[in-house]
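Everything on this sheet refers to the single structure shown next.
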Amino acid sequence: MDPERARELLARERARVERELADLAVPADDAEQLTHVDQHPADEGTELFERERDDGVAQQLREVLAAIARAERRLAEGTYGRSVESGAPIPDGRLEAIPWAERTVEEQAAHDRAR
């Protein structure tokens with residue numbers, strides 16, 4: 001893949017992920033919330049579920065940001081587009097879909113199974 005295209009894709013994805021993280025970090029407007037009023041236990045459960053879901057999504061987004069940073073480092077080092085395991089080329093189509101991909105599809109599937 002052309003390095004300029006890779007930079008463009010990685011920058012776009014970094015901006016998207018950072019935007020999504022920022023959106024999750026914005027606390028709900030207390031003026032709109034009635035959390036200070038006695039709530040039904042189900043309401044409290046719903047709020048707890050939503051906070052935990054948001055925490056999980058935020059963790060996944062932070063993991064993607066870390067993978068983007070590693071991809072940017074590989075780009076600077078001249079190893080972007082090669083598997084971190086075997087050094088085999090990662091197809092451009094995969095990098096277009098997942099610019100931070102670290103492995104070929106087959107290697108990633110084996111990596112995921114081993115986890």
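Ordering of the structure tokens sets the chain letters (A, B, ...); residue numbers start at 1 within each chain; ligands are numbered from 1 in the order shown.
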### Per-residue DSSP, chain A, filtered to alpha helix (DSSP H), as a count of residues only
76
### Message
Report as number ranges by chain all protein, DNA and RNA residues lying within 12 Å of Ala15 in chain A, evaluated on only C-alpha atoms, omitting residues in the same chain fewer than 4 positions from it.
### Response
A: 8-11, 19-22, 61, 64-65, 68
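Nearest residue to Met1 in chain A among A:Glu102, A:Asp92, A:Asp23, A:Glu44 is A:Asp92, counting only C-alpha atoms.
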#### Entry: Shortest interatomic distance to Ala71 in chain A - which of A:Arg113, A:Arg7, A:Arg12, A:Arg94, counting only C-alpha atoms
A:Arg7
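Taking CA of Glu4 in chain A and CA of Ile90 in chain A as endpoints, the distance between them is 16.6 Å.
Pairwise distance (CA of Arg62 in chain A, CA of Trp100 in chain A) equals 13.0 Å.
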#### Entry: Given only C-alpha atoms as the counted atoms, nearest of A:Leu95, A:Pro3, A:Leu24, A:Glu85 to Arg51 in chain A
A:Leu24
### Task
Please identify all polymer residues within 12 Å of Gly87 in chain A, counting only C-alpha atoms, omitting same-chain residues fewer than 2 positions from it, and present them as a PyMOL selection string.
chain A and resi 74+78-85+89-90+102-104+107
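CA of Gln108 in chain A to CA of Glu63 in chain A spans 15.6 Å [interatomic distance, one decimal].
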### Query
Taking into account only C-alpha atoms, which residue in the set A:Ala110, A:Ala69, A:Arg115, A:Pro91 is nearest to Glu13 in chain A?
A:Ala69
